[in-house]
Amino acid sequence: MTKGGMESVEVFKTEGKGRGLKAQKEFLPGDVIFAEPAYAAVVFDSLTHVICHTCFKRQERLHRCGQCKFAHYCDRTCQRAAWLNHKNECSAIKRHGKAPTENIRLAARILWKIEREGSGLSEGCLVSIDELQNHVDSFGEEEKKELRTDVESFLEFWPPHCQQFGMQFISHIFGVISCNGFTLSDQRGLQAVGVGIFPNLCQANHDCWPNCTVVFNNGNHEAVRSMFHTQMRIELRALNKISPGDELTVSYVDFLNLSEERRKQLKRQYYFDCTCEHCKKQLKDDLMLAVKAGESKPSADTVKEVIQLSKDTLEKINKARMEGHYHEVVKLCRDCLEKQEPVLGDTNIYLLRILSIASEVLSYLQMFEEAADYAKRMVDGYLKIYHPNNAQLGMAVMRAGVTHWHAGLIEAGHGLICKAYAILLITHGPSHPITKDLEVMRVQTEMELRMFQQNEFMYYKMREAALKNQKIQVMPEPSNENAPSLFHKKE
């Protein structure tokens, strides 16, 4: 079954997993299998003043809707593009007196679209909103309570003159949002800023070692270039060579967890038991639990003790980060690493988590040399665990490259930046803002590396002079959040 630009994929029934997507032709790593605009999307409640409600870019100054005073836009291009979806919302917010929560706003946008177009197949959609899974029957007591609250709030917000929908259908829409809401990120891809529904993407089944990845592309909404205006969309991109007839899979969770933990998370959040090869055979679990090799192998009790200490330390680190006590975070990391290093192997996930936090926070504090050492060890571990074309691996290698560059370790820095660029070209594509940033860094570090190779002494002299005139750009403040996950499902 194909429709409107979706000729390269087909929906099919999979054994034990319901519907799935399969390739209709061959794809190579980095190929865009399909791009899909949101059926409906909203900005998170906490970010409505700083994120454009059309393209989801973070901007310094946004134009506010003069009517409802709630919606914010980059410029007139974004405001005009939003009007079809914002028109009903605008008058409903004015009538209601305030904007409701993101869940209510998203459900309302979906139902206004159904009111305009009907609930059948929209252009370019392989399945209708009616056919999407809602898993309401699998909800626990707490989730059912939240669902009832959402439905009540929705009915208060929904205007009486609009088409009225039955309670069962409204509940179905909230169930769809809960199970299929896709996380939208800002233009750098580093912060989750909203949630949207993409019916075609919803058909892709999970695999912990997938052959595809999803990237959110904010499009081009510059008013001066409105003739080139491209729509905000998601892109499904191939990670490996894919043959016609192969199932297209994406990962709903981060791979950097033991198979048992990933399975628990998938069951809790998405209501299914993962039967992928990596979970069934517990592939890579041995690496993630590795202990120090050698003659004096640590005892099982010592390993257990150090892992417990690591878990306790991670809790303390989270608390210190929340409060912005970054020097305390560094001390906790150093103390923990001292205990971990004689016991845990280089790929042990508890060691890697501490190395990741230490390198990020030390970079922010501009202690680049120590940060670079930890970042290098983290990346060496990640390379043995992650899929070679994993987006999170690419981002981690990029951060490590920038840290080495700031530390004056130009050879290692350039090498890591080139490696990150090769990964992100596949996962994000050449036109994504983060890939473009990386290309600029790659050219800059290449130029500096040539200078370094020609005359090391002069390179450091020029670097010193440059740093006196222009202070090194401070790294972004460490975030307590993980990289945005694929689907927006509250834990």
# chains A, B, ... in the order shown; residues from 1 in each chain; ligands from 1
>>> select_by_dssp(residues="region 14-154 of chain A", states="helix (DSSP H, G or I)", output="ChimeraX atom specification")
/A:45-47,76-96,102-117,129-131,136-138,141-154
>>> closest_atom_pairs(of="region 341-455 of chain A", to="region 257-266 of chain A", cutoff="12 Å", atoms="only C-alpha atoms", output="Markdown table")
| residue | atom | partner | partner_atom | distance |
| --- | --- | --- | --- | --- |
| A:Thr347 | CA | A:Asn257 | CA | 11.8 |
| A:Asn348 | CA | A:Asn257 | CA | 10.3 |
| A:Ile349 | CA | A:Asn257 | CA | 7.4 |
| A:Tyr350 | CA | A:Asn257 | CA | 9.9 |
| A:Leu352 | CA | A:Asn257 | CA | 11.2 |
| A:Arg353 | CA | A:Asn257 | CA | 10.7 |
| A:Tyr382 | CA | A:Asn257 | CA | 11.8 |
| A:Ile385 | CA | A:Asn257 | CA | 10.1 |
| A:Tyr386 | CA | A:Asn257 | CA | 10.6 |
>>> residues_around(residues="region 316-329 of chain A", least_positions_apart="2", cutoff="12 Å", atoms="only C-alpha atoms", output="PyMOL selection string")
chain A and resi 309-314+331-336+353-367+477-482
>>> write_last_selection(atoms="C-alpha atoms", output="JSON list (two decimals), in the first residue's frame")
[["chain", "number", "residue", "atom", "x", "y", "z"],
["A", 309, "LEU", "CA", 28.51, 2.85, 44.70],
["A", 310, "SER", "CA", 28.20, 3.98, 41.04],
["A", 311, "LYS", "CA", 24.38, 3.97, 41.24],
["A", 312, "ASP", "CA", 24.44, 5.94, 44.52],
["A", 313, "THR", "CA", 26.93, 8.42, 43.05],
["A", 314, "LEU", "CA", 24.79, 8.96, 39.95],
["A", 331, "LYS", "CA", 34.49, 15.86, 42.91],
["A", 332, "LEU", "CA", 31.84, 13.09, 42.95],
["A", 333, "CYS", "CA", 32.98, 11.90, 39.49],
["A", 334, "ARG", "CA", 36.68, 11.86, 40.42],
["A", 335, "ASP", "CA", 36.02, 9.95, 43.67],
["A", 336, "CYS", "CA", 33.80, 7.44, 41.87],
["A", 353, "ARG", "CA", 28.19, 7.16, 32.49],
["A", 354, "ILE", "CA", 30.58, 8.76, 34.98],
["A", 355, "LEU", "CA", 33.14, 9.51, 32.23],
["A", 356, "SER", "CA", 30.41, 11.15, 30.12],
["A", 357, "ILE", "CA", 29.23, 13.42, 32.97],
["A", 358, "ALA", "CA", 32.81, 14.27, 34.05],
["A", 359, "SER", "CA", 33.87, 15.26, 30.51],
["A", 360, "GLU", "CA", 30.75, 17.37, 29.92],
["A", 361, "VAL", "CA", 30.92, 19.25, 33.24],
["A", 362, "LEU", "CA", 34.71, 19.79, 33.12],
["A", 363, "SER", "CA", 34.34, 21.21, 29.58],
["A", 364, "TYR", "CA", 31.73, 23.64, 30.87],
["A", 365, "LEU", "CA", 34.13, 24.67, 33.65],
["A", 366, "GLN", "CA", 36.83, 25.12, 30.96],
["A", 367, "MET", "CA", 39.08, 22.43, 32.47],
["A", 477, "GLU", "CA", 25.72, 24.57, 30.48],
["A", 478, "PRO", "CA", 25.41, 20.83, 31.21],
["A", 479, "SER", "CA", 21.83, 19.64, 30.99],
["A", 480, "ASN", "CA", 20.34, 17.14, 33.38],
["A", 481, "GLU", "CA", 18.22, 15.81, 30.52],
["A", 482, "ASN", "CA", 19.29, 12.98, 28.26]]
>>> closest_residue(among="A:Met462, A:Leu289, A:Val343, A:Ile423", to="Pro29 (chain A)", atoms="only C-alpha atoms")
A:Ile423
>>> closest_residue(among="A:Arg237, A:Arg442, A:Arg450, A:His161", to="Asn390 (chain A)", atoms="only C-alpha atoms")
A:Arg237
>>> residues_around(residues="Ser8 (chain A)", least_positions_apart="2", cutoff="9 Å", atoms="only C-alpha atoms", output="PyMOL selection string")
chain A and resi 2+5-6+10+22-26+33-34
>>> atom_distance(atom1="CA of Asp373 (chain A)", atom2="CA of Gln392 (chain A)")
19.5 Å
>>> closest_residue(among="A:Leu111, A:Val50, A:Cys276, A:Ala71", to="Lys17 (chain A)", atoms="only C-alpha atoms")
A:Cys276
>>> atom_distance(atom1="CA of Ile170 (chain A)", atom2="CA of Val127 (chain A)")
18.3 Å
>>> residues_around(residues="Glu152 (chain A)", least_positions_apart="2", cutoff="12 Å", atoms="only C-alpha atoms", output="compact mmCIF listing (two decimals) with N, CA, C and O atoms, in the first residue's frame")
# COMPACT_ATOMS: atom_id res chain seq x y z
N PRO A 100 -4.64 25.56 27.44
CA PRO A 100 -4.57 24.32 28.22
C PRO A 100 -3.19 23.66 28.08
O PRO A 100 -2.32 24.18 27.39
N ILE A 104 -3.72 18.48 25.83
CA ILE A 104 -5.05 18.96 25.41
C ILE A 104 -4.93 19.71 24.09
O ILE A 104 -5.75 19.53 23.18
N LYS A 145 -6.35 7.24 35.25
CA LYS A 145 -6.75 8.45 36.00
C LYS A 145 -6.32 9.71 35.22
O LYS A 145 -7.10 10.65 35.06
N GLU A 146 -5.08 9.68 34.69
CA GLU A 146 -4.57 10.81 33.90
C GLU A 146 -5.41 10.99 32.63
O GLU A 146 -5.70 12.12 32.23
N LEU A 147 -5.81 9.86 32.03
CA LEU A 147 -6.62 9.91 30.82
C LEU A 147 -7.98 10.58 31.11
O LEU A 147 -8.42 11.46 30.37
N ARG A 148 -8.60 10.18 32.22
CA ARG A 148 -9.91 10.78 32.59
C ARG A 148 -9.77 12.29 32.80
O ARG A 148 -10.61 13.08 32.37
N THR A 149 -8.68 12.69 33.47
CA THR A 149 -8.43 14.12 33.73
C THR A 149 -8.26 14.87 32.42
O THR A 149 -8.81 15.96 32.24
N ASP A 150 -7.48 14.27 31.49
CA ASP A 150 -7.25 14.90 30.18
C ASP A 150 -8.56 15.05 29.41
O ASP A 150 -8.81 16.10 28.80
N PHE A 154 -10.18 18.50 28.28
CA PHE A 154 -10.42 18.71 26.86
C PHE A 154 -11.85 19.19 26.62
O PHE A 154 -12.08 20.13 25.85
N LEU A 155 -12.82 18.56 27.28
CA LEU A 155 -14.23 18.92 27.08
C LEU A 155 -14.52 20.35 27.54
O LEU A 155 -15.37 21.03 26.97
N GLU A 156 -13.79 20.80 28.56
CA GLU A 156 -13.94 22.20 29.01
C GLU A 156 -13.40 23.17 27.96
O GLU A 156 -13.92 24.26 27.77
N PHE A 157 -12.31 22.76 27.30
CA PHE A 157 -11.64 23.63 26.31
C PHE A 157 -12.33 23.60 24.95
O PHE A 157 -12.40 24.61 24.26
N TRP A 158 -12.88 22.45 24.56
CA TRP A 158 -13.43 22.25 23.21
C TRP A 158 -14.68 23.13 23.01
O TRP A 158 -15.64 23.04 23.77
N MET A 167 -16.93 10.17 23.67
CA MET A 167 -15.90 9.99 24.71
C MET A 167 -14.89 8.92 24.30
O MET A 167 -13.69 9.05 24.56
N ILE A 170 -12.44 10.38 21.74
CA ILE A 170 -11.54 11.35 22.40
C ILE A 170 -10.49 10.57 23.20
O ILE A 170 -9.30 10.89 23.15
N SER A 171 -10.92 9.52 23.90
CA SER A 171 -9.98 8.69 24.67
C SER A 171 -8.97 8.02 23.73
O SER A 171 -7.78 7.90 24.06
N PHE A 174 -6.25 10.51 22.85
CA PHE A 174 -5.28 10.68 23.95
C PHE A 174 -4.38 9.44 24.07
O PHE A 174 -3.20 9.57 24.38
>>> closest_residue(among="A:Val9, A:Cys202, A:Met398, A:Leu47", to="Ile234 (chain A)", atoms="only C-alpha atoms")
A:Cys202
>>> residues_around(residues="Asn211 (chain A)", least_positions_apart="5", cutoff="7 Å", atoms="only C-alpha atoms", output="mmCIF file with N, CA, C and O atoms, in the first residue's frame")
data_model
loop_
_atom_site.group_PDB
_atom_site.id
_atom_site.type_symbol
_atom_site.label_atom_id
_atom_site.label_comp_id
_atom_site.auth_asym_id
_atom_site.auth_seq_id
_atom_site.Cartn_x
_atom_site.Cartn_y
_atom_site.Cartn_z
ATOM 1 N N ALA A 238 18.239 5.715 6.305
ATOM 2 C CA ALA A 238 18.833 4.373 6.378
ATOM 3 C C ALA A 238 20.177 4.428 7.090
ATOM 4 O O ALA A 238 20.987 5.330 6.838
ATOM 5 N N LEU A 239 20.427 3.460 7.991
ATOM 6 C CA LEU A 239 21.715 3.362 8.691
ATOM 7 C C LEU A 239 22.639 2.339 8.026
ATOM 8 O O LEU A 239 23.855 2.432 8.138
ATOM 9 N N ASN A 240 22.033 1.331 7.389
ATOM 10 C CA ASN A 240 22.795 0.275 6.704
ATOM 11 C C ASN A 240 22.287 0.207 5.277
ATOM 12 O O ASN A 240 21.322 0.880 4.924
ATOM 13 N N LEU A 248 11.673 -2.158 7.914
ATOM 14 C CA LEU A 248 12.331 -0.915 8.356
ATOM 15 C C LEU A 248 12.092 -0.763 9.856
ATOM 16 O O LEU A 248 10.938 -0.749 10.305
ATOM 17 N N THR A 249 13.174 -0.675 10.631
ATOM 18 C CA THR A 249 13.030 -0.593 12.087
ATOM 19 C C THR A 249 13.761 0.626 12.634
ATOM 20 O O THR A 249 14.735 1.104 12.055
ATOM 21 N N VAL A 250 13.246 1.122 13.767
ATOM 22 C CA VAL A 250 13.892 2.224 14.497
ATOM 23 C C VAL A 250 13.987 1.798 15.962
ATOM 24 O O VAL A 250 13.295 0.865 16.385
#
